[in-house]
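Q: Sharing upload_9.txt here; it has compact mmCIF, C-alpha atoms and all ligand atoms.
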# COMPACT_ATOMS: atom_id res chain seq x y z
CA MET O 1 -31.57 21.24 -11.75
CA SER O 2 -29.73 18.45 -13.59
CA GLU O 3 -30.18 14.84 -12.44
CA SER O 4 -26.85 14.88 -10.66
CA GLY O 5 -27.88 17.94 -8.68
CA TYR O 6 -30.05 15.77 -6.43
CA PHE O 7 -27.16 13.75 -5.07
CA ARG O 8 -25.32 14.52 -1.87
CA PRO O 9 -22.28 16.56 -2.91
CA GLU O 10 -19.91 13.87 -1.51
CA ILE O 11 -21.28 11.41 -4.06
CA THR O 12 -20.94 13.58 -7.17
CA ALA O 13 -17.46 14.65 -6.05
CA MET O 14 -16.08 11.11 -5.62
CA ALA O 15 -14.57 8.98 -8.37
CA GLY O 16 -15.86 5.60 -7.11
CA TYR O 17 -13.83 2.46 -6.53
CA THR O 18 -12.52 0.69 -9.63
CA PRO O 19 -12.11 -3.05 -9.06
CA GLY O 20 -9.47 -5.02 -10.97
CA GLU O 21 -10.43 -6.07 -14.48
CA GLN O 22 -12.84 -9.02 -14.62
CA PRO O 23 -12.98 -10.02 -18.31
CA GLN O 24 -16.04 -12.21 -18.79
CA GLY O 25 -14.61 -14.51 -21.46
CA GLY O 26 -12.27 -17.31 -20.43
CA LYS O 27 -9.30 -16.33 -22.55
CA PHE O 28 -7.07 -14.59 -20.00
CA ILE O 29 -4.70 -16.04 -17.45
CA LYS O 30 -5.86 -13.96 -14.51
CA LEU O 31 -3.18 -12.98 -12.03
CA ASN O 32 -4.68 -9.58 -11.23
CA THR O 33 -7.22 -9.89 -8.40
CA ASN O 34 -5.69 -12.46 -6.03
CA GLU O 35 -8.24 -15.16 -6.65
CA ASN O 36 -7.16 -18.65 -5.71
CA PRO O 37 -5.89 -20.72 -8.67
CA TYR O 38 -7.31 -23.94 -7.18
CA PRO O 39 -10.94 -24.97 -6.68
CA PRO O 40 -12.73 -24.81 -3.32
CA SER O 41 -13.53 -27.88 -1.24
CA PRO O 42 -15.94 -30.20 -3.12
CA ARG O 43 -18.16 -30.10 -0.03
CA VAL O 44 -19.01 -26.48 -0.91
CA VAL O 45 -20.73 -27.49 -4.15
CA GLN O 46 -22.56 -30.36 -2.39
CA ALA O 47 -23.87 -28.01 0.31
CA ILE O 48 -25.03 -25.40 -2.20
CA ARG O 49 -26.74 -28.06 -4.34
CA HIS O 50 -28.48 -29.45 -1.30
CA THR O 51 -29.76 -26.00 -0.28
CA LEU O 52 -30.88 -25.31 -3.84
CA GLU O 53 -32.84 -28.54 -3.95
CA SER O 54 -34.61 -27.79 -0.69
CA GLY O 55 -35.75 -24.51 -2.23
CA LEU O 56 -35.21 -20.78 -1.90
CA VAL O 57 -38.76 -19.83 -0.90
CA ARG O 58 -37.86 -18.67 2.57
CA TYR O 59 -35.61 -15.86 3.71
CA PRO O 60 -32.19 -16.96 4.93
CA ASP O 61 -31.07 -16.93 8.57
CA PRO O 62 -30.30 -13.21 9.17
CA LEU O 63 -27.26 -14.02 11.34
CA ALA O 64 -25.95 -17.07 9.44
CA THR O 65 -25.94 -19.06 12.67
CA ALA O 66 -24.68 -22.29 11.11
CA PHE O 67 -21.60 -20.49 9.80
CA ARG O 68 -20.99 -18.66 13.06
CA GLN O 69 -21.07 -21.88 15.05
CA ARG O 70 -18.57 -23.67 12.82
CA ALA O 71 -16.30 -20.63 12.43
CA ALA O 72 -16.32 -20.05 16.19
CA GLU O 73 -14.96 -23.56 16.76
CA VAL O 74 -12.25 -23.07 14.15
CA LEU O 75 -11.18 -19.67 15.50
CA GLY O 76 -11.51 -20.37 19.21
CA VAL O 77 -14.21 -17.80 20.00
CA GLU O 78 -17.96 -18.02 20.67
CA PRO O 79 -20.54 -17.58 17.88
CA ASP O 80 -21.70 -14.19 19.19
CA TRP O 81 -18.19 -12.82 18.49
CA ILE O 82 -18.80 -13.21 14.74
CA LEU O 83 -20.68 -11.06 12.21
CA CYS O 84 -21.18 -12.36 8.66
CA GLY O 85 -21.18 -10.26 5.51
CA ASN O 86 -21.72 -10.35 1.77
CA GLY O 87 -17.97 -10.51 1.22
CA SER O 88 -15.63 -8.73 3.60
CA ASP O 89 -16.21 -5.53 1.61
CA ASP O 90 -19.71 -5.60 3.15
CA ILE O 91 -18.12 -5.94 6.60
CA LEU O 92 -15.87 -2.94 5.92
CA THR O 93 -18.91 -0.94 4.80
CA ILE O 94 -20.90 -1.87 7.92
CA VAL O 95 -18.01 -0.93 10.20
CA THR O 96 -17.39 2.40 8.46
CA ARG O 97 -21.08 3.31 8.55
CA ALA O 98 -21.30 2.39 12.23
CA PHE O 99 -18.27 4.37 13.44
CA VAL O 100 -17.54 7.25 11.09
CA GLY O 101 -19.86 10.20 10.54
CA SER O 102 -19.77 13.17 8.21
CA GLY O 103 -16.70 15.37 8.71
CA GLN O 104 -15.00 12.85 11.03
CA LEU O 105 -11.67 11.20 10.45
CA LEU O 106 -10.77 7.72 9.22
CA ARG O 107 -7.09 6.74 9.17
CA LEU O 108 -5.54 4.36 6.69
CA PRO O 109 -2.01 3.48 5.63
CA SER O 110 -0.85 4.17 2.10
CA PRO O 111 -0.38 2.45 -0.20
CA SER O 112 -3.05 -0.05 0.83
CA TYR O 113 -6.55 -1.19 -0.17
CA VAL O 114 -8.06 1.65 -2.21
CA LEU O 115 -11.64 0.78 -1.17
CA TYR O 116 -11.09 2.23 2.35
CA HIS O 117 -10.81 5.67 0.83
CA THR O 118 -14.05 5.21 -1.10
CA LEU O 119 -15.89 4.11 2.05
CA ALA O 120 -14.78 7.29 3.83
CA GLN O 121 -15.92 9.42 0.89
CA ILE O 122 -19.41 7.86 0.89
CA GLN O 123 -19.74 8.84 4.56
CA GLY O 124 -18.61 12.38 3.85
CA ALA O 125 -15.72 11.62 6.20
CA ARG O 126 -12.11 12.65 5.82
CA ALA O 127 -9.61 9.90 4.98
CA GLU O 128 -6.20 10.53 6.49
CA GLU O 129 -3.60 8.58 4.56
CA VAL O 130 -0.40 7.83 6.42
CA ASP O 131 2.43 6.63 4.19
CA PHE O 132 4.25 3.46 5.12
CA ARG O 133 7.97 3.90 5.61
CA GLU O 134 10.30 2.69 2.86
CA ASP O 135 10.67 -0.64 4.68
CA TRP O 136 6.87 -1.06 4.94
CA THR O 137 6.69 -0.44 8.68
CA LEU O 138 4.20 2.06 10.12
CA PRO O 139 5.49 5.51 11.04
CA GLU O 140 4.82 7.01 14.47
CA SER O 141 2.12 9.28 13.02
CA PHE O 142 -0.12 6.24 12.44
CA PHE O 143 -0.26 5.69 16.21
CA GLN O 144 -1.09 9.24 17.20
CA ALA O 145 -4.37 10.30 18.75
CA SER O 146 -6.39 12.97 16.97
CA PRO O 147 -9.66 14.56 18.13
CA GLU O 148 -11.92 13.63 15.21
CA LEU O 149 -10.37 10.19 14.64
CA ARG O 150 -13.13 7.53 14.70
CA LEU O 151 -11.69 4.46 12.96
CA ALA O 152 -8.41 3.15 11.57
CA PHE O 153 -7.99 0.48 8.89
CA LEU O 154 -4.96 -1.75 8.59
CA PRO O 155 -4.75 -4.59 6.07
CA ASN O 156 -2.46 -7.28 7.46
CA PRO O 157 -0.85 -8.68 5.34
CA ASN O 158 -1.04 -5.45 3.38
CA SER O 159 -2.07 -5.14 -0.25
CA PRO O 160 -0.28 -4.38 -2.59
CA SER O 161 2.97 -5.05 -0.68
CA GLY O 162 2.17 -8.42 0.93
CA THR O 163 4.04 -7.21 4.02
CA LEU O 164 3.06 -7.90 7.61
CA VAL O 165 2.87 -5.72 10.71
CA SER O 166 3.91 -7.81 13.73
CA ARG O 167 1.47 -8.93 16.45
CA GLU O 168 3.34 -6.79 18.93
CA LYS O 169 2.81 -3.71 16.78
CA VAL O 170 -0.87 -4.53 16.27
CA GLY O 171 -1.26 -4.82 20.05
CA GLU O 172 0.56 -1.53 20.58
CA LEU O 173 -1.51 0.18 17.92
CA THR O 174 -4.74 -1.03 19.52
CA ARG O 175 -3.67 0.24 22.93
CA ARG O 176 -2.52 3.63 21.70
CA LEU O 177 -5.23 4.53 19.19
CA PRO O 178 -8.21 6.26 20.79
CA CYS O 179 -10.58 4.62 18.26
CA PRO O 180 -11.42 1.13 16.97
CA LEU O 181 -8.87 -0.55 14.69
CA LEU O 182 -10.20 -2.68 11.86
CA LEU O 183 -7.51 -5.22 11.04
CA ASP O 184 -8.28 -6.53 7.55
CA GLU O 185 -6.97 -10.10 7.53
CA ALA O 186 -8.12 -10.95 3.99
CA TYR O 187 -4.75 -12.67 3.40
CA ALA O 188 -3.90 -13.91 6.90
CA ASP O 189 -4.30 -17.59 5.99
CA PHE O 190 -1.25 -17.24 3.73
CA ALA O 191 0.88 -15.69 6.51
CA ASP O 192 2.63 -17.21 9.52
CA THR O 193 0.85 -15.06 12.08
CA ALA O 194 -2.67 -13.78 12.63
CA CYS O 195 -4.23 -11.62 15.33
CA VAL O 196 -7.75 -13.00 15.85
CA ASP O 197 -6.94 -14.06 19.42
CA LEU O 198 -5.94 -10.47 20.34
CA VAL O 199 -9.63 -9.57 20.07
CA ARG O 200 -10.12 -11.21 23.50
CA GLU O 201 -7.79 -8.71 25.16
CA HIS O 202 -8.76 -5.63 23.17
CA GLU O 203 -12.27 -4.31 22.87
CA ARG O 204 -11.17 -1.80 20.24
CA LEU O 205 -9.76 -4.45 17.88
CA LEU O 206 -11.98 -5.81 15.10
CA VAL O 207 -10.64 -8.42 12.67
CA SER O 208 -12.17 -9.07 9.24
CA ARG O 209 -11.71 -12.21 7.16
CA THR O 210 -12.91 -13.34 3.74
CA LEU O 211 -13.58 -16.61 1.96
CA SER O 212 -12.63 -14.99 -1.35
CA LYS O 213 -8.90 -15.65 -1.28
CA SER O 214 -7.69 -18.64 0.77
CA TYR O 215 -10.99 -20.55 0.48
CA ALA O 216 -11.21 -19.97 -3.30
CA LEU O 217 -14.74 -18.53 -3.15
CA ALA O 218 -14.51 -14.98 -4.52
CA GLY O 219 -17.69 -15.57 -6.55
CA LEU O 220 -19.73 -16.68 -3.53
CA ARG O 221 -19.36 -13.36 -1.65
CA PHE O 222 -18.82 -14.24 1.99
CA GLY O 223 -16.74 -12.52 4.65
CA PHE O 224 -16.92 -12.14 8.41
CA LEU O 225 -15.81 -10.06 11.35
CA ILE O 226 -14.48 -11.13 14.75
CA ALA O 227 -15.00 -8.68 17.63
CA GLN O 228 -16.31 -8.62 21.19
CA PRO O 229 -20.05 -9.42 21.41
CA GLN O 230 -21.13 -5.97 22.65
CA LEU O 231 -19.67 -4.52 19.42
CA ILE O 232 -21.22 -7.20 17.23
CA ARG O 233 -24.65 -6.41 18.71
CA GLN O 234 -24.35 -2.77 17.64
CA LEU O 235 -23.02 -3.63 14.18
CA VAL O 236 -25.93 -6.00 13.52
CA LYS O 237 -28.23 -2.96 13.60
CA VAL O 238 -26.33 -1.40 10.70
CA LYS O 239 -26.25 -4.35 8.29
CA ASP O 240 -28.95 -5.25 5.76
CA SER O 241 -31.31 -7.75 7.42
CA TYR O 242 -30.50 -10.52 4.96
CA ASN O 243 -27.01 -9.58 3.84
CA CYS O 244 -25.94 -13.18 3.17
CA ASP O 245 -28.08 -15.38 0.96
CA ALA O 246 -28.97 -19.00 1.74
CA LEU O 247 -26.64 -20.47 -0.90
CA ALA O 248 -23.69 -18.40 0.33
CA ILE O 249 -24.31 -19.38 3.96
CA ALA O 250 -24.47 -23.08 3.04
CA GLY O 251 -21.34 -22.90 0.88
CA ALA O 252 -19.37 -20.85 3.40
CA THR O 253 -20.24 -23.19 6.26
CA ALA O 254 -19.04 -26.20 4.26
CA ALA O 255 -15.88 -24.32 3.30
CA ILE O 256 -14.85 -23.37 6.81
CA ASP O 257 -15.64 -26.89 7.95
CA ASP O 258 -12.99 -28.31 5.59
CA GLN O 259 -9.79 -27.06 7.25
CA ALA O 260 -7.73 -29.88 5.73
CA TRP O 261 -8.60 -28.58 2.24
CA LEU O 262 -7.63 -25.06 3.27
CA ARG O 263 -4.25 -26.17 4.65
CA GLU O 264 -3.37 -28.07 1.48
CA ASN O 265 -4.42 -25.19 -0.74
CA VAL O 266 -2.43 -22.66 1.26
CA ALA O 267 0.66 -24.87 1.27
CA ARG O 268 0.60 -25.08 -2.54
CA VAL O 269 0.14 -21.33 -2.94
CA ARG O 270 2.99 -20.62 -0.53
CA ALA O 271 5.33 -22.99 -2.36
CA THR O 272 4.57 -21.31 -5.70
CA ARG O 273 4.94 -17.87 -4.08
CA GLN O 274 8.48 -18.78 -3.11
CA ARG O 275 9.33 -19.97 -6.62
CA LEU O 276 7.76 -16.87 -8.18
CA THR O 277 9.69 -14.53 -5.88
CA THR O 278 12.99 -16.17 -6.76
CA ALA O 279 12.27 -16.31 -10.50
CA LEU O 280 11.22 -12.65 -10.68
CA ALA O 281 14.35 -11.58 -8.81
CA GLU O 282 16.45 -13.53 -11.32
CA LEU O 283 14.77 -11.58 -14.12
CA GLY O 284 15.81 -8.26 -12.60
CA PHE O 285 12.74 -7.41 -10.53
CA ALA O 286 12.84 -5.91 -7.05
CA VAL O 287 10.34 -8.14 -5.23
CA VAL O 288 8.99 -7.45 -1.75
CA PRO O 289 8.96 -10.69 0.31
CA SER O 290 5.25 -11.53 0.56
CA HIS O 291 3.07 -13.06 3.28
CA ALA O 292 0.03 -13.11 0.99
CA ASN O 293 -1.00 -14.80 -2.27
CA PHE O 294 0.54 -12.12 -4.49
CA VAL O 295 3.81 -10.30 -4.88
CA TRP O 296 4.52 -6.61 -5.42
CA CYS O 297 7.40 -5.92 -7.79
CA ARG O 298 9.11 -3.48 -10.08
CA HIS O 299 11.66 -4.16 -12.77
CA GLY O 300 15.05 -2.43 -12.56
CA GLU O 301 14.77 -1.02 -16.10
CA ARG O 302 11.48 -1.87 -17.78
CA PRO O 303 8.56 0.45 -16.89
CA SER O 304 5.72 -1.31 -15.04
CA ARG O 305 2.98 0.01 -17.31
CA GLU O 306 4.70 -1.33 -20.42
CA LEU O 307 5.16 -4.72 -18.80
CA TYR O 308 1.47 -4.78 -17.81
CA GLU O 309 0.48 -3.93 -21.39
CA GLN O 310 2.85 -6.45 -22.92
CA LEU O 311 1.44 -9.21 -20.71
CA LYS O 312 -2.15 -8.19 -21.44
CA ARG O 313 -1.56 -8.26 -25.22
CA ASN O 314 -0.47 -11.83 -24.68
CA GLY O 315 -3.51 -12.86 -22.69
CA LEU O 316 -2.13 -12.53 -19.17
CA LEU O 317 -3.52 -10.04 -16.68
CA VAL O 318 -1.61 -8.66 -13.71
CA ARG O 319 -2.55 -5.58 -11.67
CA TYR O 320 -0.83 -2.33 -12.55
CA MET O 321 -1.00 0.12 -9.65
CA ASP O 322 0.20 3.70 -9.47
CA TYR O 323 0.13 5.37 -6.05
CA PRO O 324 0.60 9.06 -5.33
CA ARG O 325 3.93 9.72 -3.57
CA TRP O 326 4.91 6.07 -3.92
CA GLY O 327 5.06 5.34 -7.62
CA ASP O 328 3.90 2.43 -9.69
CA GLY O 329 4.48 -1.30 -9.81
CA LEU O 330 2.92 -4.64 -10.57
CA ARG O 331 0.92 -6.77 -8.17
CA ILE O 332 1.02 -10.34 -9.42
CA SER O 333 -1.25 -12.98 -7.90
CA VAL O 334 0.23 -16.40 -7.19
CA GLY O 335 -1.30 -18.78 -9.75
CA THR O 336 -0.66 -22.42 -10.50
CA ASP O 337 2.88 -23.44 -11.40
CA ALA O 338 1.81 -23.64 -15.07
CA GLN O 339 0.41 -20.09 -14.98
CA GLN O 340 3.60 -18.89 -13.35
CA ASP O 341 5.65 -20.54 -16.09
CA ALA O 342 3.55 -18.77 -18.74
CA LEU O 343 4.18 -15.44 -17.00
CA LEU O 344 7.92 -16.00 -16.79
CA ALA O 345 8.12 -17.13 -20.41
CA LEU O 346 6.38 -13.94 -21.56
CA LEU O 347 8.66 -11.77 -19.44
CA LYS O 348 11.71 -13.46 -20.96
CA ALA O 349 10.40 -13.31 -24.55
CA ARG O 350 9.64 -9.56 -24.35
CA VAL O 351 7.03 -9.80 -27.14
C1 LIG O 401 -9.84 -8.95 -1.53
C2 LIG O 401 -9.78 -8.04 -0.37
C3 LIG O 401 -10.90 -7.82 0.43
C4 LIG O 401 -12.31 -8.12 0.00
O1 LIG O 401 -12.68 -9.34 -0.03
P1 LIG O 401 -14.18 -9.75 -0.36
O2 LIG O 401 -14.49 -10.64 0.77
O3 LIG O 401 -14.09 -10.43 -1.67
O4 LIG O 401 -15.07 -8.54 -0.38
C5 LIG O 401 -10.77 -7.05 1.58
N1 LIG O 401 -9.60 -6.50 1.90
C6 LIG O 401 -8.50 -6.66 1.14
C7 LIG O 401 -7.23 -6.02 1.56
C8 LIG O 401 -8.57 -7.42 -0.02
O5 LIG O 401 -7.51 -7.53 -0.81
Starting from the file, lay out its structure as structure tokens.
A:
Amino acid sequence: MSESGYFRPEITAMAGYTPGEQPQGGKFIKLNTNENPYPPSPRVVQAIRHTLESGLVRYPDPLATAFRQRAAEVLGVEPDWILCGNGSDDILTIVTRAFVGSGQLLRLPSPSYVLYHTLAQIQGARAEEVDFREDWTLPESFFQASPELRLAFLPNPNSPSGTLVSREKVGELTRRLPCPLLLDEAYADFADTACVDLVREHERLLVSRTLSKSYALAGLRFGFLIAQPQLIRQLVKVKDSYNCDALAIAGATAAIDDQAWLRENVARVRATRQRLTTALAELGFAVVPSHANFVWCRHGERPSRELYEQLKRNGLLVRYMDYPRWGDGLRISVGTDAQQDALLALLKARV
């Protein structure tokens, strides 16, 4: 038997998730993985330094209580409504493991976050992809009950489109689906509406958030989930005991404590998003109006892959995506104004 013969067949059969390129030299302008172009609150570094100086001999708090207390105040819930994770990808993994077994069904919209599909494959579950309509609304089939359905994912705002499903629709979806709905609010801080408060009314609604995007802490790895406490208690059993390290807990707590910093950061990103949308449209791109910190676009004549390659040759990375049944396009993260100018200059120069 070859080495690979020992694996569960689901594992050898799957391709594995491919994250966006992360070149480890500093020479690229990176507009490909929706990182924040601005630094996090200076209090984050202070808090991490302080924790480092007091030593890392002991295990961290398994539930990240300090973070939960501060986040609960900010979000208007109680601390036992919050579960912390090593990035929100960890939260998505915990939730999938807890709800979806082998052969069962997980529903997701398409195109959306490709990782959901991978999580279903690891479980040996079936991923049912439901295509968005042309106008990025959800078709009726997304709402329908189905016997083996155990979990549905919905990123809101969605990636790669940056589009938003309304609160009314999220409420309707939660009522009609016979299974839990994981609303992935990785980008909600950049949007006008969010649905965290709906968790009070709906036991089947779980909302995930991350510090990677709006809090400018993708390298720290910290995300969290908001759901009713009886669900959180079950999910705690599934997570690694110490899934968040002491430095991450300290940094994340300081970050969520600095809401003024967050608001300023988000305002700058939103202003640049508006300018980017207008400028790309002027250059002949079809741009989907975005509620996130990126835009999804296609040029009227120039193929997306060529544009991606041209930009990369010139030291600027965007995300090229090609979806079955939907086609390809470019997802461009909102950078600083200077980064945006560099992008636009390259698109005009065509070199
Ligand atoms: C970036 C992203 C995440 C993951 O965030 P981490 O907290 O860095 O793991 C989750 N969902 C969507 C839709 C994202 O784009």
Q: Using Å and a single decimal, report how far CA of Phe143 in chain O sits from atom N1 of ligand LIG 401 (chain O).
A: 21.0 Å
Q: Could you list, as a list in words, all protein and nucleic acid residues with an atom at most 6 Å from ligand LIG 401 (chain O), counting all atoms listed in the file?
A: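 My answer, listing the contacting residues, is Gly87, Ser88, Asp89, Tyr113, Pro155, Ser159, Asp184, Ala186, Thr210, Ser212, Ala218, Phe222 and Gly223 of chain O.
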Q: CA of Leu316 in chain O to CA of Phe28 in chain O: how many Å, to one decimal?
A: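 Distance between the two atoms: 5.4 Å.
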Q: Kindly assemble as a tab-separated table a list of the range 249-347 of chain O residues that lie within 9 Å of range 67-74 of chain O, each paired with its nearest atom pair and their distance in Å to one decimal, using only C-alpha atoms, sorted first by chain and then by ascending residue number.
A:
residue	atom	partner	partner_atom	distance
O:Ile249	CA	O:Phe67	CA	6.5
O:Ala250	CA	O:Phe67	CA	7.8
O:Ala252	CA	O:Phe67	CA	6.8
O:Thr253	CA	O:Phe67	CA	4.7
O:Ala254	CA	O:Phe67	CA	8.4
O:Ile256	CA	O:Ala71	CA	6.4
O:Asp257	CA	O:Arg70	CA	6.5
O:Gln259	CA	O:Val74	CA	8.3
Q: Mind giving me the straight-line distance from CA of Thr278 in chain O to CA of Phe294 in chain O in Å, one decimal?
A: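 Going from CA of Thr278 in chain O over to CA of Phe294 in chain O, I get 13.3 Å.
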Q: Write out as a PDB file with C-alpha atoms, in the coordinates of the input the residues lying within 9 Å of range 232-242 of chain O, counting all atoms listed in the file and excluding same-chain residues fewer than 2 positions away.
A:
ATOM      1  CA  TYR O  59     -35.610 -15.860   3.710  1.00  0.00           C
ATOM      2  CA  PRO O  60     -32.190 -16.960   4.930  1.00  0.00           C
ATOM      3  CA  ASP O  61     -31.070 -16.930   8.570  1.00  0.00           C
ATOM      4  CA  PRO O  62     -30.300 -13.210   9.170  1.00  0.00           C
ATOM      5  CA  LEU O  63     -27.260 -14.020  11.340  1.00  0.00           C
ATOM      6  CA  ASP O  80     -21.700 -14.190  19.190  1.00  0.00           C
ATOM      7  CA  TRP O  81     -18.190 -12.820  18.490  1.00  0.00           C
ATOM      8  CA  ILE O  82     -18.800 -13.210  14.740  1.00  0.00           C
ATOM      9  CA  LEU O  83     -20.680 -11.060  12.210  1.00  0.00           C
ATOM     10  CA  GLY O  85     -21.180 -10.260   5.510  1.00  0.00           C
ATOM     11  CA  ASP O  90     -19.710  -5.600   3.150  1.00  0.00           C
ATOM     12  CA  ILE O  91     -18.120  -5.940   6.600  1.00  0.00           C
ATOM     13  CA  THR O  93     -18.910  -0.940   4.800  1.00  0.00           C
ATOM     14  CA  ILE O  94     -20.900  -1.870   7.920  1.00  0.00           C
ATOM     15  CA  VAL O  95     -18.010  -0.930  10.200  1.00  0.00           C
ATOM     16  CA  ARG O  97     -21.080   3.310   8.550  1.00  0.00           C
ATOM     17  CA  ALA O  98     -21.300   2.390  12.230  1.00  0.00           C
ATOM     18  CA  LEU O 225     -15.810 -10.060  11.350  1.00  0.00           C
ATOM     19  CA  ILE O 226     -14.480 -11.130  14.750  1.00  0.00           C
ATOM     20  CA  ALA O 227     -15.000  -8.680  17.630  1.00  0.00           C
ATOM     21  CA  GLN O 228     -16.310  -8.620  21.190  1.00  0.00           C
ATOM     22  CA  PRO O 229     -20.050  -9.420  21.410  1.00  0.00           C
ATOM     23  CA  GLN O 230     -21.130  -5.970  22.650  1.00  0.00           C
ATOM     24  CA  CYS O 244     -25.940 -13.180   3.170  1.00  0.00           C
ATOM     25  CA  ASP O 245     -28.080 -15.380   0.960  1.00  0.00           C
TER      26      ASP O 245
END
Q: Select, from O:Leu183, O:Leu307, O:Cys195, O:Ala216, the residue with the minimum atom-to-atom distance to Pro42 in chain O, counting all atoms listed in the file.
A: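 Looking only at the distances to Pro42 in chain O, the closest residue turns out to be O:Ala216.
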Q: Counting only C-alpha atoms, which residues come within 9 Å of (14.7, -0.4, -9.8), with the point read in the file's coordinates, and could you list them as an mmCIF file with C-alpha atoms, keeping the file's coordinate frame?
A:
data_model
loop_
_atom_site.group_PDB
_atom_site.id
_atom_site.type_symbol
_atom_site.label_atom_id
_atom_site.label_comp_id
_atom_site.auth_asym_id
_atom_site.auth_seq_id
_atom_site.Cartn_x
_atom_site.Cartn_y
_atom_site.Cartn_z
ATOM 1 C CA GLY O 284 15.810 -8.260 -12.600
ATOM 2 C CA PHE O 285 12.740 -7.410 -10.530
ATOM 3 C CA ALA O 286 12.840 -5.910 -7.050
ATOM 4 C CA ARG O 298 9.110 -3.480 -10.080
ATOM 5 C CA HIS O 299 11.660 -4.160 -12.770
ATOM 6 C CA GLY O 300 15.050 -2.430 -12.560
ATOM 7 C CA GLU O 301 14.770 -1.020 -16.100
ATOM 8 C CA ARG O 302 11.480 -1.870 -17.780
#
Q: I want to know what sits within 9 Å of Glu21 in chain O, based on all atoms listed in the file, with residues of the same chain fewer than 6 positions away left out; could you give that as a PyMOL selection string?
A: chain O and resi 32-33+317+319
Q: So, with only C-alpha atoms as the atoms that count, which of O:Glu140, O:Asp135, O:Glu129, O:Glu53 lies closest to Leu164 in chain O?
A: O:Asp135
Q: Between O:Ala125, O:Val45, O:Leu211, O:Val170, which is the closest to Cys84 in chain O once you count only C-alpha atoms?
A: O:Leu211
Q: Enumerate, as a PDB file with C-alpha atoms, keeping the file's coordinate frame, the protein, DNA and RNA residues whose atoms approach (-8.9, 2.0, 17.3) to within 8 Å, taking into account only C-alpha atoms and the coordinate frame of the file.
A:
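Contents of result_17.pdb, freshly written:
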ATOM      1  CA  ARG O 150     -13.130   7.530  14.700  1.00  0.00           C
ATOM      2  CA  LEU O 151     -11.690   4.460  12.960  1.00  0.00           C
ATOM      3  CA  ALA O 152      -8.410   3.150  11.570  1.00  0.00           C
ATOM      4  CA  LEU O 173      -1.510   0.180  17.920  1.00  0.00           C
ATOM      5  CA  THR O 174      -4.740  -1.030  19.520  1.00  0.00           C
ATOM      6  CA  ARG O 175      -3.670   0.240  22.930  1.00  0.00           C
ATOM      7  CA  ARG O 176      -2.520   3.630  21.700  1.00  0.00           C
ATOM      8  CA  LEU O 177      -5.230   4.530  19.190  1.00  0.00           C
ATOM      9  CA  PRO O 178      -8.210   6.260  20.790  1.00  0.00           C
ATOM     10  CA  CYS O 179     -10.580   4.620  18.260  1.00  0.00           C
ATOM     11  CA  PRO O 180     -11.420   1.130  16.970  1.00  0.00           C
ATOM     12  CA  LEU O 181      -8.870  -0.550  14.690  1.00  0.00           C
ATOM     13  CA  LEU O 182     -10.200  -2.680  11.860  1.00  0.00           C
ATOM     14  CA  ARG O 204     -11.170  -1.800  20.240  1.00  0.00           C
ATOM     15  CA  LEU O 205      -9.760  -4.450  17.880  1.00  0.00           C
TER      16      LEU O 205
END
Q: Excluding same-chain residues fewer than 3 positions from Thr96 in chain O, what lies within 8 Å of it counting all atoms listed in the file, as number ranges by chain?
A: O: 92-93, 99-100, 119-120, 123, 151
Q: Please identify all polymer residues within 10 Å of Leu52 in chain O, counting all atoms listed in the file, omitting same-chain residues fewer than 5 positions from it, and present them as a ChimeraX atom specification.
A: /O:46-47,246-247,250
Q: Based on the selection just made, write C-alpha atoms of those residues as a PDB file, in the frame of the given file.
A:
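Contents of selection_27.pdb, freshly written:
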ATOM      1  CA  GLN O  46     -22.560 -30.360  -2.390  1.00  0.00           C
ATOM      2  CA  ALA O  47     -23.870 -28.010   0.310  1.00  0.00           C
ATOM      3  CA  ALA O 246     -28.970 -19.000   1.740  1.00  0.00           C
ATOM      4  CA  LEU O 247     -26.640 -20.470  -0.900  1.00  0.00           C
ATOM      5  CA  ALA O 250     -24.470 -23.080   3.040  1.00  0.00           C
TER       6      ALA O 250
END
Q: With distances taken over all atoms listed in the file, which of O:Val295, O:Val351, O:Leu149, O:Ala15 is nearest to Arg313 in chain O?
A: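 The closest residue to Arg313 in chain O is O:Val351.
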Q: Can you list, as a list in words, every protein, DNA or RNA residue that comes within 10 Å of Asn265 in chain O when you count only C-alpha atoms, leaving out same-chain residues fewer than 5 positions away?
A: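 So the residues in contact are Asn36, Pro37, Tyr38, Pro39, Pro40, Ser41, Phe190, Ser214, Tyr215, Ala216, Gln259, Ala260 and Arg270 of chain O.
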Q: Could I see range 15-20 of chain O restored to N, CA and C atoms, set down as a short mmCIF file (atom, residue, chain, number, x, y, z; two decimals), keeping the file's coordinate frame?
A:
data_model
loop_
_atom_site.label_atom_id
_atom_site.label_comp_id
_atom_site.auth_asym_id
_atom_site.auth_seq_id
_atom_site.Cartn_x
_atom_site.Cartn_y
_atom_site.Cartn_z
N ALA O 15 -14.81 9.70 -7.12
CA ALA O 15 -14.57 8.98 -8.37
C ALA O 15 -15.22 7.59 -8.35
N GLY O 16 -15.35 6.98 -7.18
CA GLY O 16 -15.86 5.60 -7.11
C GLY O 16 -14.71 4.61 -7.20
N TYR O 17 -14.89 3.49 -6.54
CA TYR O 17 -13.83 2.46 -6.53
C TYR O 17 -13.83 1.71 -7.85
N THR O 18 -12.65 1.48 -8.40
CA THR O 18 -12.52 0.69 -9.63
C THR O 18 -11.90 -0.66 -9.31
N PRO O 19 -12.68 -1.73 -9.34
CA PRO O 19 -12.11 -3.05 -9.06
C PRO O 19 -11.17 -3.48 -10.19
N GLY O 20 -10.34 -4.47 -9.93
CA GLY O 20 -9.47 -5.02 -10.97
C GLY O 20 -10.30 -5.57 -12.11
#
